[in-house]
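File shown here: start_36.pdb, holding PDB, C-alpha atoms and all ligand atoms.
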ATOM      1  CA  MET A  11      26.028  28.556  74.790  1.00  0.00           C
ATOM      2  CA  PRO A  12      24.559  28.344  78.300  1.00  0.00           C
ATOM      3  CA  LYS A  13      25.053  31.075  80.855  1.00  0.00           C
ATOM      4  CA  ILE A  14      28.013  30.252  83.130  1.00  0.00           C
ATOM      5  CA  ASN A  15      27.675  31.051  86.838  1.00  0.00           C
ATOM      6  CA  ARG A  16      30.353  30.893  89.487  1.00  0.00           C
ATOM      7  CA  TYR A  17      29.698  29.841  93.099  1.00  0.00           C
ATOM      8  CA  VAL A  18      29.566  32.724  95.608  1.00  0.00           C
ATOM      9  CA  ASP A  19      29.866  32.077  99.347  1.00  0.00           C
ATOM     10  CA  ILE A  20      26.242  32.391 100.463  1.00  0.00           C
ATOM     11  CA  ASP A  21      27.299  33.685 103.888  1.00  0.00           C
ATOM     12  CA  THR A  22      28.090  36.938 102.070  1.00  0.00           C
ATOM     13  CA  VAL A  23      24.619  37.112 100.468  1.00  0.00           C
ATOM     14  CA  GLU A  24      21.781  38.861 102.296  1.00  0.00           C
ATOM     15  CA  LYS A  25      18.621  37.785 100.459  1.00  0.00           C
ATOM     16  CA  GLU A  26      17.365  34.288 101.352  1.00  0.00           C
ATOM     17  CA  ALA A  27      16.002  33.700  97.817  1.00  0.00           C
ATOM     18  CA  LYS A  28      19.398  34.562  96.335  1.00  0.00           C
ATOM     19  CA  LYS A  29      21.198  32.215  98.759  1.00  0.00           C
ATOM     20  CA  ASP A  30      18.790  29.427  97.778  1.00  0.00           C
ATOM     21  CA  TYR A  31      19.305  30.127  94.032  1.00  0.00           C
ATOM     22  CA  ILE A  32      23.104  30.099  94.260  1.00  0.00           C
ATOM     23  CA  ASP A  33      23.420  27.147  96.635  1.00  0.00           C
ATOM     24  CA  ARG A  34      20.978  24.752  94.977  1.00  0.00           C
ATOM     25  CA  HIS A  35      22.711  25.073  91.589  1.00  0.00           C
ATOM     26  CA  SER A  36      26.322  24.977  92.709  1.00  0.00           C
ATOM     27  CA  PRO A  37      28.378  21.798  92.599  1.00  0.00           C
ATOM     28  CA  PHE A  38      30.379  21.093  95.766  1.00  0.00           C
ATOM     29  CA  LEU A  39      33.508  18.922  95.731  1.00  0.00           C
ATOM     30  CA  HIS A  40      33.893  16.344  98.483  1.00  0.00           C
ATOM     31  CA  CYS A  41      37.215  14.479  98.610  1.00  0.00           C
ATOM     32  CA  ALA A  42      40.361  14.030 100.692  1.00  0.00           C
ATOM     33  CA  ASP A  43      43.116  16.661 100.567  1.00  0.00           C
ATOM     34  CA  GLN A  44      45.747  14.092  99.547  1.00  0.00           C
ATOM     35  CA  ALA A  45      45.773  11.277  97.003  1.00  0.00           C
ATOM     36  CA  GLU A  46      48.218   8.541  96.085  1.00  0.00           C
ATOM     37  CA  ALA A  47      49.598   8.408  92.529  1.00  0.00           C
ATOM     38  CA  GLY A  48      48.173   5.502  90.555  1.00  0.00           C
ATOM     39  CA  VAL A  49      45.563   4.599  93.167  1.00  0.00           C
ATOM     40  CA  PRO A  50      41.868   5.253  92.402  1.00  0.00           C
ATOM     41  CA  PHE A  51      40.739   8.336  94.309  1.00  0.00           C
ATOM     42  CA  ALA A  52      37.084   9.078  95.071  1.00  0.00           C
ATOM     43  CA  VAL A  53      35.791  12.548  94.262  1.00  0.00           C
ATOM     44  CA  THR A  54      32.136  13.142  95.055  1.00  0.00           C
ATOM     45  CA  VAL A  55      30.274  16.055  93.503  1.00  0.00           C
ATOM     46  CA  LYS A  56      27.065  17.092  95.239  1.00  0.00           C
ATOM     47  CA  VAL A  57      24.814  19.726  93.682  1.00  0.00           C
ATOM     48  CA  GLY A  58      23.555  22.061  96.403  1.00  0.00           C
ATOM     49  CA  ASP A  59      24.716  22.142  99.997  1.00  0.00           C
ATOM     50  CA  GLN A  60      22.035  23.659 102.212  1.00  0.00           C
ATOM     51  CA  TYR A  61      19.248  23.927  99.583  1.00  0.00           C
ATOM     52  CA  THR A  62      17.681  21.417  97.189  1.00  0.00           C
ATOM     53  CA  HIS A  63      17.026  21.737  93.448  1.00  0.00           C
ATOM     54  CA  PRO A  64      13.753  20.802  91.651  1.00  0.00           C
ATOM     55  CA  ASP A  65      13.544  17.627  89.574  1.00  0.00           C
ATOM     56  CA  ASP A  66      10.799  18.559  87.082  1.00  0.00           C
ATOM     57  CA  LEU A  67      10.584  17.559  83.405  1.00  0.00           C
ATOM     58  CA  ASP A  68      11.358  21.105  82.268  1.00  0.00           C
ATOM     59  CA  HIS A  69      13.762  21.983  85.075  1.00  0.00           C
ATOM     60  CA  TYR A  70      16.367  19.602  86.471  1.00  0.00           C
ATOM     61  CA  ILE A  71      20.116  19.070  86.814  1.00  0.00           C
ATOM     62  CA  ARG A  72      21.103  17.316  83.589  1.00  0.00           C
ATOM     63  CA  SER A  73      24.846  16.859  83.977  1.00  0.00           C
ATOM     64  CA  VAL A  74      27.801  17.053  86.317  1.00  0.00           C
ATOM     65  CA  SER A  75      31.388  17.299  85.042  1.00  0.00           C
ATOM     66  CA  LEU A  76      34.707  17.048  86.827  1.00  0.00           C
ATOM     67  CA  TYR A  77      37.880  18.768  85.572  1.00  0.00           C
ATOM     68  CA  ASN A  78      41.573  18.666  86.469  1.00  0.00           C
ATOM     69  CA  GLY A  79      42.618  22.111  85.259  1.00  0.00           C
ATOM     70  CA  THR A  80      41.303  22.211  81.698  1.00  0.00           C
ATOM     71  CA  THR A  81      41.213  18.397  81.318  1.00  0.00           C
ATOM     72  CA  LEU A  82      37.829  16.714  81.555  1.00  0.00           C
ATOM     73  CA  LEU A  83      38.103  13.758  83.982  1.00  0.00           C
ATOM     74  CA  GLY A  84      34.499  12.630  83.924  1.00  0.00           C
ATOM     75  CA  GLU A  85      30.966  13.583  83.072  1.00  0.00           C
ATOM     76  CA  ALA A  86      27.667  12.112  84.224  1.00  0.00           C
ATOM     77  CA  ASN A  87      24.335  12.783  82.519  1.00  0.00           C
ATOM     78  CA  PHE A  88      20.958  12.372  84.182  1.00  0.00           C
ATOM     79  CA  PRO A  89      17.349  12.248  83.001  1.00  0.00           C
ATOM     80  CA  ALA A  90      14.576  14.175  84.748  1.00  0.00           C
ATOM     81  CA  GLY A  91      13.018  12.006  87.443  1.00  0.00           C
ATOM     82  CA  LEU A  92      16.185  10.663  89.058  1.00  0.00           C
ATOM     83  CA  LEU A  93      15.313  12.418  92.324  1.00  0.00           C
ATOM     84  CA  GLY A  94      11.614  11.513  92.233  1.00  0.00           C
ATOM     85  CA  GLY A  95      10.266  13.562  89.355  1.00  0.00           C
ATOM     86  CA  GLN A  96       7.533  16.208  89.177  1.00  0.00           C
ATOM     87  CA  GLY A  97       7.348  18.144  92.434  1.00  0.00           C
ATOM     88  CA  ALA A  98      10.361  16.417  93.980  1.00  0.00           C
ATOM     89  CA  LYS A  99      13.509  18.209  95.068  1.00  0.00           C
ATOM     90  CA  GLY A 100      16.907  16.924  96.043  1.00  0.00           C
ATOM     91  CA  ASN A 101      20.662  17.124  95.946  1.00  0.00           C
ATOM     92  CA  LEU A 102      22.035  15.198  93.000  1.00  0.00           C
ATOM     93  CA  GLU A 103      25.260  13.411  93.882  1.00  0.00           C
ATOM     94  CA  VAL A 104      27.798  11.452  91.862  1.00  0.00           C
ATOM     95  CA  THR A 105      31.174   9.921  92.749  1.00  0.00           C
ATOM     96  CA  PHE A 106      34.001   9.724  90.210  1.00  0.00           C
ATOM     97  CA  LYS A 107      36.978   7.410  90.749  1.00  0.00           C
ATOM     98  CA  VAL A 108      40.024   9.232  89.421  1.00  0.00           C
ATOM     99  CA  VAL A 109      43.519   7.730  89.098  1.00  0.00           C
ATOM    100  CA  PRO A 110      45.845  10.626  89.978  1.00  0.00           C
ATOM    101  CA  THR A 111      49.092  11.361  88.149  1.00  0.00           C
ATOM    102  CA  GLY A 112      51.514  14.262  88.551  1.00  0.00           C
ATOM    103  CA  LYS A 113      52.057  16.234  91.776  1.00  0.00           C
ATOM    104  CA  LYS A 114      48.593  17.661  92.286  1.00  0.00           C
ATOM    105  CA  LEU A 115      45.034  17.751  91.039  1.00  0.00           C
ATOM    106  CA  ASN A 116      43.376  21.107  90.383  1.00  0.00           C
ATOM    107  CA  LEU A 117      39.767  20.015  90.642  1.00  0.00           C
ATOM    108  CA  THR A 118      36.733  21.971  89.516  1.00  0.00           C
ATOM    109  CA  ALA A 119      33.202  20.707  88.975  1.00  0.00           C
ATOM    110  CA  MET A 120      30.462  22.015  86.705  1.00  0.00           C
ATOM    111  CA  ALA A 121      26.723  21.373  87.001  1.00  0.00           C
ATOM    112  CA  TYR A 122      24.190  22.079  84.252  1.00  0.00           C
ATOM    113  CA  CYS A 123      20.617  23.104  85.062  1.00  0.00           C
ATOM    114  CA  THR A 124      18.208  22.912  82.116  1.00  0.00           C
ATOM    115  CA  LYS A 125      16.726  26.287  83.088  1.00  0.00           C
ATOM    116  CA  HIS A 126      19.546  28.202  84.773  1.00  0.00           C
ATOM    117  CA  GLY A 127      22.693  27.259  82.865  1.00  0.00           C
ATOM    118  CA  LEU A 128      26.145  26.103  83.902  1.00  0.00           C
ATOM    119  CA  TRP A 129      27.455  26.458  87.456  1.00  0.00           C
ATOM    120  CA  GLU A 130      31.080  26.209  88.471  1.00  0.00           C
ATOM    121  CA  SER A 131      32.313  25.024  91.879  1.00  0.00           C
ATOM    122  CA  ASP A 132      35.018  26.520  94.011  1.00  0.00           C
ATOM    123  CA  PRO A 133      38.327  24.924  92.947  1.00  0.00           C
ATOM    124  CA  LYS A 134      40.033  22.348  95.147  1.00  0.00           C
ATOM    125  CA  VAL A 135      43.716  21.398  95.062  1.00  0.00           C
ATOM    126  CA  VAL A 136      44.613  17.812  96.011  1.00  0.00           C
ATOM    127  CA  THR A 137      48.247  16.897  96.683  1.00  0.00           C
ATOM    128  CA  VAL A 138      49.367  13.680  94.965  1.00  0.00           C
ATOM    129  CA  ARG A 139      52.017  11.626  96.799  1.00  0.00           C
TER     130      ARG A 139
HETATM  131 FE    FE B   1      17.602  25.473  88.153  1.00  0.00          FE
END

Any chance you could give the structure as structure tokens?
Ligand SMILES: [Fe+2]
Amino acid sequence: MPKINRYVDIDTVEKEAKKDYIDRHSPFLHCADQAEAGVPFAVTVKVGDQYTHPDDLDHYIRSVSLYNGTTLLGEANFPAGLLGGQGAKGNLEVTFKVVPTGKKLNLTAMAYCTKHGLWESDPKVVTVR
């Protein structure tokens, strides 16, 4: 079982190295605040906001998952080298097209680093019309 880490607002963190560590592993949800029922809705998950993560053979972001509450909506798996390989750094990004049902989506994303475990995003609620 990998270690599970939860995103912490880096503005509240004092040490630069700690900010970098938290930010570069955390998945960030990018989508509109409202969606239409039955119409495909784009949800982009970007790993890292202000800092980039390594893309080395023994240390890279291997997967990104998107949840609505406890329901898995999508999962994307990546090999090392997607962002340029040994020595390269970047912000992995993937867009899921979700068809909303119900009155709202309770979105959460997870990112898995091969060295530093699972990282959970801040939740985001999307109203479904
Ligand atoms: Fe890492």

Let me have all residues with an atom within 8 Å of ligand FE 1 (chain B), counting all atoms listed in the file, laid out as a compact mmCIF listing (two decimals) with C-alpha atoms, in the frame of the given file.
# COMPACT_ATOMS: atom_id res chain seq x y z
CA TYR A 31 19.30 30.13 94.03
CA ARG A 34 20.98 24.75 94.98
CA HIS A 35 22.71 25.07 91.59
CA HIS A 63 17.03 21.74 93.45
CA PRO A 64 13.75 20.80 91.65
CA HIS A 69 13.76 21.98 85.08
CA TYR A 70 16.37 19.60 86.47
CA ILE A 71 20.12 19.07 86.81
CA CYS A 123 20.62 23.10 85.06
CA THR A 124 18.21 22.91 82.12
CA LYS A 125 16.73 26.29 83.09
CA HIS A 126 19.55 28.20 84.77
CA GLY A 127 22.69 27.26 82.86

| said: If the PyMOL selection byres (((chain A and resi 107-119) around 10) and not hetatm) were run on this exact file, what residues would it hold? Put them as a PyMOL selection string. | reply: chain A and resi 36-39+43-57+74-85+105-106+120-121+129-139

| query | Quick one: of A:Cys41, A:Ala86, A:Ile32, A:Ala98, who's nearest to Asp65 in chain A, counting only C-alpha atoms? | reply |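 Checking each of A:Cys41, A:Ala86, A:Ile32, A:Ala98 against Asp65 in chain A, counting only C-alpha atoms, the winner is A:Ala98.
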
| task | Report as a list in words the residues that result from applying the PyMOL selection byres (((chain A and resi 91-93) around 12) and not hetatm) to the structure here. | result | Thr62, His63, Pro64, Asp65, Asp66, Leu67, Asp68, His69, Tyr70, Ile71, Arg72, Ser73, Asn87, Phe88, Pro89, Ala90, Gly94, Gly95, Gln96, Gly97, Ala98, Lys99, Gly100, Asn101, Leu102, Glu103 and Val104 of chain A

With C-alpha atoms retained, could you export that selection as an mmCIF file, keeping the file's coordinate frame?
data_model
loop_
_atom_site.group_PDB
_atom_site.id
_atom_site.type_symbol
_atom_site.label_atom_id
_atom_site.label_comp_id
_atom_site.auth_asym_id
_atom_site.auth_seq_id
_atom_site.Cartn_x
_atom_site.Cartn_y
_atom_site.Cartn_z
ATOM 1 C CA THR A 62 17.681 21.417 97.189
ATOM 2 C CA HIS A 63 17.026 21.737 93.448
ATOM 3 C CA PRO A 64 13.753 20.802 91.651
ATOM 4 C CA ASP A 65 13.544 17.627 89.574
ATOM 5 C CA ASP A 66 10.799 18.559 87.082
ATOM 6 C CA LEU A 67 10.584 17.559 83.405
ATOM 7 C CA ASP A 68 11.358 21.105 82.268
ATOM 8 C CA HIS A 69 13.762 21.983 85.075
ATOM 9 C CA TYR A 70 16.367 19.602 86.471
ATOM 10 C CA ILE A 71 20.116 19.070 86.814
ATOM 11 C CA ARG A 72 21.103 17.316 83.589
ATOM 12 C CA SER A 73 24.846 16.859 83.977
ATOM 13 C CA ASN A 87 24.335 12.783 82.519
ATOM 14 C CA PHE A 88 20.958 12.372 84.182
ATOM 15 C CA PRO A 89 17.349 12.248 83.001
ATOM 16 C CA ALA A 90 14.576 14.175 84.748
ATOM 17 C CA GLY A 94 11.614 11.513 92.233
ATOM 18 C CA GLY A 95 10.266 13.562 89.355
ATOM 19 C CA GLN A 96 7.533 16.208 89.177
ATOM 20 C CA GLY A 97 7.348 18.144 92.434
ATOM 21 C CA ALA A 98 10.361 16.417 93.980
ATOM 22 C CA LYS A 99 13.509 18.209 95.068
ATOM 23 C CA GLY A 100 16.907 16.924 96.043
ATOM 24 C CA ASN A 101 20.662 17.124 95.946
ATOM 25 C CA LEU A 102 22.035 15.198 93.000
ATOM 26 C CA GLU A 103 25.260 13.411 93.882
ATOM 27 C CA VAL A 104 27.798 11.452 91.862
#

| request: Could you please determine the separation between CA of Leu128 in chain A and CA of Ala42 in chain A in Å, to one decimal place? | output: 25.1 Å

| What is the CA of Gln60 in chain A-CA of Lys29 in chain A distance in Å, reported with one decimal? |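 Spanning CA of Gln60 in chain A to CA of Lys29 in chain A is a straight-line distance of 9.3 Å.
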
| request: Could you please determine the separation between CA of Asp30 in chain A and CA of Pro12 in chain A in Å, to one decimal place? | output: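 CA of Pro12 in chain A lies at a distance of 20.3 Å from CA of Asp30 in chain A.
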
| query | What's the 12 Å shell around Lys28 in chain A, counting only C-alpha atoms, without same-chain residues fewer than 6 positions away, as JSON, numbers by chain? | reply | {"A": [17, 18, 19, 20, 21, 22, 34, 35, 61]}
